[in-house]
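> First the structure, which I've put down as structure tokens, then a few questions once you've had a look.
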Amino acid sequence: MDRIDFFRQAIDKAMTAYVEDRSHSQSFSGLQFERIADRNNNRFLLTLVGWNDDERIYHLIFHADIIGDKIWIQEDNSDESAASLLEQQGVDKKDIVLAYYPDYHRANTAYAVS
């Protein structure tokens with residue numbers, strides 16, 4: 001398996017694990033997790049959508065792209081770090097970029113700068 005395929009599978013597994021861990025919670029009753037994977041462009045999103053009584057819910061949980069030879073986490077609104085979820089799937093910290101931080105801040109993390 002090549003590196004990009006490994007990253008794709010790791011992201012899919014991380015999204016699936018996140019959903020499975022929360023799918024039985026009453027907190028998410030009436031809401032649906034959506035795993036969105038654009039494999040041609042290496043873009044992956046996990047969202048939560050639906051209705052809570054009269055309130056429309058649309059929440060981006062996390063967005064990750066494969067850019068070059070790294071996974072770029074563009075947004076992370078999860079209650080468990082998306083980077084941690086990827087690490088649990090065997091992705092090394094040096095292969096993950098926390099894109100929502102500026103370069104100077106990324107340099108102070110255990111993850112890749114770019």
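We label chains A, B, ... in the order they appear in the structure tokens, count residues from 1 in each chain, and number ligands from 1 in the order shown.
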List the spatial neighbours of region 73-90 of chain A as a ChimeraX atom specification - criterion: any atom at most 8 Å away, only C-alpha atoms, same-chain residues fewer than 2 positions off excluded.

/A:10-11,13-14,18,60-65,71,92-93,96-100

> Using N, CA and C atoms, can you export the residues from the last selection as a PDB file, in the first residue's frame?


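See out-v7.pdb below for the written result:
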ATOM      1  N   ALA A  10      -6.444   5.644   6.889  1.00  0.00           N
ATOM      2  CA  ALA A  10      -6.319   6.101   8.281  1.00  0.00           C
ATOM      3  C   ALA A  10      -7.362   7.173   8.587  1.00  0.00           C
ATOM      4  N   ILE A  11      -7.569   8.096   7.664  1.00  0.00           N
ATOM      5  CA  ILE A  11      -8.574   9.142   7.872  1.00  0.00           C
ATOM      6  C   ILE A  11      -9.967   8.520   7.931  1.00  0.00           C
ATOM      7  N   LYS A  13     -10.775   5.477   8.798  1.00  0.00           N
ATOM      8  CA  LYS A  13     -10.890   4.726  10.053  1.00  0.00           C
ATOM      9  C   LYS A  13     -11.046   5.662  11.250  1.00  0.00           C
ATOM     10  N   ALA A  14     -10.345   6.783  11.234  1.00  0.00           N
ATOM     11  CA  ALA A  14     -10.456   7.753  12.326  1.00  0.00           C
ATOM     12  C   ALA A  14     -11.866   8.325  12.380  1.00  0.00           C
ATOM     13  N   TYR A  18     -14.597   7.680  15.425  1.00  0.00           N
ATOM     14  CA  TYR A  18     -15.213   8.822  16.109  1.00  0.00           C
ATOM     15  C   TYR A  18     -16.734   8.662  16.129  1.00  0.00           C
ATOM     16  N   LEU A  60     -19.282  21.256  11.656  1.00  0.00           N
ATOM     17  CA  LEU A  60     -18.104  20.633  11.075  1.00  0.00           C
ATOM     18  C   LEU A  60     -17.251  20.098  12.217  1.00  0.00           C
ATOM     19  N   ILE A  61     -17.102  18.792  12.281  1.00  0.00           N
ATOM     20  CA  ILE A  61     -16.308  18.182  13.348  1.00  0.00           C
ATOM     21  C   ILE A  61     -14.826  18.277  13.005  1.00  0.00           C
ATOM     22  N   PHE A  62     -14.463  17.772  11.827  1.00  0.00           N
ATOM     23  CA  PHE A  62     -13.108  18.035  11.358  1.00  0.00           C
ATOM     24  C   PHE A  62     -13.002  17.895   9.852  1.00  0.00           C
ATOM     25  N   HIS A  63     -11.976  18.559   9.331  1.00  0.00           N
ATOM     26  CA  HIS A  63     -11.687  18.595   7.903  1.00  0.00           C
ATOM     27  C   HIS A  63     -10.199  18.305   7.764  1.00  0.00           C
ATOM     28  N   ALA A  64      -9.873  17.311   6.955  1.00  0.00           N
ATOM     29  CA  ALA A  64      -8.478  16.966   6.699  1.00  0.00           C
ATOM     30  C   ALA A  64      -8.253  16.814   5.202  1.00  0.00           C
ATOM     31  N   ASP A  65      -7.115  17.284   4.738  1.00  0.00           N
ATOM     32  CA  ASP A  65      -6.703  17.134   3.347  1.00  0.00           C
ATOM     33  C   ASP A  65      -5.363  16.428   3.319  1.00  0.00           C
ATOM     34  N   ILE A  71      -0.786  14.822   5.999  1.00  0.00           N
ATOM     35  CA  ILE A  71      -2.201  15.053   6.271  1.00  0.00           C
ATOM     36  C   ILE A  71      -2.302  16.420   6.936  1.00  0.00           C
ATOM     37  N   ASP A  92       2.079   8.806  11.914  1.00  0.00           N
ATOM     38  CA  ASP A  92       3.122   9.433  12.723  1.00  0.00           C
ATOM     39  C   ASP A  92       2.876  10.938  12.837  1.00  0.00           C
ATOM     40  N   LYS A  93       3.235  11.516  13.976  1.00  0.00           N
ATOM     41  CA  LYS A  93       3.071  12.958  14.189  1.00  0.00           C
ATOM     42  C   LYS A  93       3.762  13.785  13.111  1.00  0.00           C
ATOM     43  N   ILE A  96       1.557  14.753  10.140  1.00  0.00           N
ATOM     44  CA  ILE A  96       0.333  15.509  10.405  1.00  0.00           C
ATOM     45  C   ILE A  96       0.690  16.985  10.575  1.00  0.00           C
ATOM     46  N   VAL A  97      -0.017  17.838   9.833  1.00  0.00           N
ATOM     47  CA  VAL A  97       0.161  19.284   9.949  1.00  0.00           C
ATOM     48  C   VAL A  97      -1.119  19.858  10.557  1.00  0.00           C
ATOM     49  N   LEU A  98      -0.975  20.616  11.619  1.00  0.00           N
ATOM     50  CA  LEU A  98      -2.117  21.291  12.239  1.00  0.00           C
ATOM     51  C   LEU A  98      -2.297  22.628  11.521  1.00  0.00           C
ATOM     52  N   ALA A  99      -2.970  22.581  10.385  1.00  0.00           N
ATOM     53  CA  ALA A  99      -3.055  23.728   9.475  1.00  0.00           C
ATOM     54  C   ALA A  99      -3.811  24.911  10.057  1.00  0.00           C
ATOM     55  N   TYR A 100      -4.595  24.688  11.089  1.00  0.00           N
ATOM     56  CA  TYR A 100      -5.361  25.776  11.690  1.00  0.00           C
ATOM     57  C   TYR A 100      -4.492  26.666  12.584  1.00  0.00           C
TER      58      TYR A 100
END

> What are the DSSP strand (DSSP E) residues of region 53-94 of chain A, as a PDB file with N, CA, C and O atoms, in the first residue's frame?


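As written to disk, out-v5.pdb reads:
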ATOM      1  N   GLU A  55     -34.259  23.596  16.306  1.00  0.00           N
ATOM      2  CA  GLU A  55     -32.958  24.176  15.973  1.00  0.00           C
ATOM      3  C   GLU A  55     -32.231  23.310  14.944  1.00  0.00           C
ATOM      4  O   GLU A  55     -32.033  22.112  15.145  1.00  0.00           O
ATOM      5  N   ARG A  56     -31.856  23.920  13.841  1.00  0.00           N
ATOM      6  CA  ARG A  56     -31.082  23.233  12.807  1.00  0.00           C
ATOM      7  C   ARG A  56     -29.633  23.152  13.267  1.00  0.00           C
ATOM      8  O   ARG A  56     -29.043  24.147  13.713  1.00  0.00           O
ATOM      9  N   ILE A  57     -29.072  21.960  13.154  1.00  0.00           N
ATOM     10  CA  ILE A  57     -27.693  21.722  13.546  1.00  0.00           C
ATOM     11  C   ILE A  57     -26.874  21.421  12.296  1.00  0.00           C
ATOM     12  O   ILE A  57     -27.240  20.564  11.490  1.00  0.00           O
ATOM     13  N   TYR A  58     -25.821  22.140  12.115  1.00  0.00           N
ATOM     14  CA  TYR A  58     -24.802  21.826  11.120  1.00  0.00           C
ATOM     15  C   TYR A  58     -23.467  22.141  11.782  1.00  0.00           C
ATOM     16  O   TYR A  58     -23.165  23.300  12.073  1.00  0.00           O
ATOM     17  N   HIS A  59     -22.681  21.102  12.013  1.00  0.00           N
ATOM     18  CA  HIS A  59     -21.427  21.272  12.753  1.00  0.00           C
ATOM     19  C   HIS A  59     -20.320  20.528  12.019  1.00  0.00           C
ATOM     20  O   HIS A  59     -20.429  19.316  11.780  1.00  0.00           O
ATOM     21  N   LEU A  60     -19.282  21.256  11.656  1.00  0.00           N
ATOM     22  CA  LEU A  60     -18.104  20.633  11.075  1.00  0.00           C
ATOM     23  C   LEU A  60     -17.251  20.098  12.217  1.00  0.00           C
ATOM     24  O   LEU A  60     -16.774  20.872  13.054  1.00  0.00           O
ATOM     25  N   ILE A  61     -17.102  18.792  12.281  1.00  0.00           N
ATOM     26  CA  ILE A  61     -16.308  18.182  13.348  1.00  0.00           C
ATOM     27  C   ILE A  61     -14.826  18.277  13.005  1.00  0.00           C
ATOM     28  O   ILE A  61     -14.033  18.761  13.793  1.00  0.00           O
ATOM     29  N   PHE A  62     -14.463  17.772  11.827  1.00  0.00           N
ATOM     30  CA  PHE A  62     -13.108  18.035  11.358  1.00  0.00           C
ATOM     31  C   PHE A  62     -13.002  17.895   9.852  1.00  0.00           C
ATOM     32  O   PHE A  62     -13.821  17.257   9.203  1.00  0.00           O
ATOM     33  N   HIS A  63     -11.976  18.559   9.331  1.00  0.00           N
ATOM     34  CA  HIS A  63     -11.687  18.595   7.903  1.00  0.00           C
ATOM     35  C   HIS A  63     -10.199  18.305   7.764  1.00  0.00           C
ATOM     36  O   HIS A  63      -9.377  18.970   8.384  1.00  0.00           O
ATOM     37  N   ALA A  64      -9.873  17.311   6.955  1.00  0.00           N
ATOM     38  CA  ALA A  64      -8.478  16.966   6.699  1.00  0.00           C
ATOM     39  C   ALA A  64      -8.253  16.814   5.202  1.00  0.00           C
ATOM     40  O   ALA A  64      -9.120  16.295   4.488  1.00  0.00           O
ATOM     41  N   ASP A  65      -7.115  17.284   4.738  1.00  0.00           N
ATOM     42  CA  ASP A  65      -6.703  17.134   3.347  1.00  0.00           C
ATOM     43  C   ASP A  65      -5.363  16.428   3.319  1.00  0.00           C
ATOM     44  O   ASP A  65      -4.540  16.612   4.224  1.00  0.00           O
ATOM     45  N   ILE A  66      -5.144  15.660   2.276  1.00  0.00           N
ATOM     46  CA  ILE A  66      -3.807  15.125   2.026  1.00  0.00           C
ATOM     47  C   ILE A  66      -3.180  16.053   1.003  1.00  0.00           C
ATOM     48  O   ILE A  66      -3.678  16.188  -0.117  1.00  0.00           O
ATOM     49  N   ILE A  67      -2.125  16.720   1.426  1.00  0.00           N
ATOM     50  CA  ILE A  67      -1.424  17.669   0.561  1.00  0.00           C
ATOM     51  C   ILE A  67       0.038  17.235   0.536  1.00  0.00           C
ATOM     52  O   ILE A  67       0.690  17.165   1.590  1.00  0.00           O
ATOM     53  N   LYS A  70       1.728  14.796   3.376  1.00  0.00           N
ATOM     54  CA  LYS A  70       1.268  15.001   4.758  1.00  0.00           C
ATOM     55  C   LYS A  70      -0.254  15.076   4.811  1.00  0.00           C
ATOM     56  O   LYS A  70      -0.913  15.389   3.825  1.00  0.00           O
ATOM     57  N   ILE A  71      -0.786  14.822   5.999  1.00  0.00           N
ATOM     58  CA  ILE A  71      -2.201  15.053   6.271  1.00  0.00           C
ATOM     59  C   ILE A  71      -2.302  16.420   6.936  1.00  0.00           C
ATOM     60  O   ILE A  71      -1.684  16.652   7.976  1.00  0.00           O
ATOM     61  N   TRP A  72      -3.046  17.303   6.321  1.00  0.00           N
ATOM     62  CA  TRP A  72      -3.247  18.656   6.835  1.00  0.00           C
ATOM     63  C   TRP A  72      -4.618  18.712   7.500  1.00  0.00           C
ATOM     64  O   TRP A  72      -5.638  18.554   6.819  1.00  0.00           O
ATOM     65  N   ILE A  73      -4.646  18.902   8.805  1.00  0.00           N
ATOM     66  CA  ILE A  73      -5.922  19.061   9.506  1.00  0.00           C
ATOM     67  C   ILE A  73      -6.281  20.537   9.400  1.00  0.00           C
ATOM     68  O   ILE A  73      -5.660  21.394  10.022  1.00  0.00           O
ATOM     69  N   GLN A  74      -7.273  20.815   8.557  1.00  0.00           N
ATOM     70  CA  GLN A  74      -7.665  22.194   8.266  1.00  0.00           C
ATOM     71  C   GLN A  74      -8.521  22.789   9.382  1.00  0.00           C
ATOM     72  O   GLN A  74      -8.457  23.987   9.642  1.00  0.00           O
ATOM     73  N   GLU A  75      -9.327  21.940  10.007  1.00  0.00           N
ATOM     74  CA  GLU A  75     -10.215  22.389  11.093  1.00  0.00           C
ATOM     75  C   GLU A  75     -10.415  21.217  12.029  1.00  0.00           C
ATOM     76  O   GLU A  75     -10.510  20.071  11.588  1.00  0.00           O
ATOM     77  N   ASP A  76     -10.483  21.495  13.310  1.00  0.00           N
ATOM     78  CA  ASP A  76     -10.707  20.439  14.302  1.00  0.00           C
ATOM     79  C   ASP A  76     -11.603  20.976  15.406  1.00  0.00           C
ATOM     80  O   ASP A  76     -11.158  21.723  16.265  1.00  0.00           O
TER      81      ASP A  76
END

> Between A:Lys94, A:Thr47, A:Val19, A:Arg8, which residue has the minimum interatomic distance to Ala107 (chain A), considering only C-alpha atoms?

A:Lys94

> List the spatial neighbours of region 27-40 of chain A as a list of chain:residue names - criterion: any atom at most 8 Å away, only C-alpha atoms, same-chain residues fewer than 2 positions off excluded.

A:Arg8, A:Met15, A:Thr16, A:Val19, A:Arg22, A:Ser23, A:His24, A:Ser25, A:Asn42, A:Arg43, A:Phe44, A:Leu45, A:Leu46, A:Thr47, A:Leu48, A:Val49, A:Gly50, A:Trp51, A:Asn52, A:Ile57

> When you count only C-alpha atoms, which of these residues is closest to Phe6 (chain A): A:Ala112, A:Val91, A:Gln26, A:Glu20?

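Using only C-alpha atoms, the shortest distance to Phe6 (chain A) belongs to A:Val91.
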
> For Arg3 (chain A), which of A:Asp103, A:Asp69, A:Asn108, A:Ser114 is the closest residue, counting only C-alpha atoms?

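Using only C-alpha atoms, Arg3 (chain A) sits closest to A:Asp69.
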
> Quick one: distance from CA of Gln9 (chain A) to CA of Pro102 (chain A) in Å, one decimal?

27.1 Å
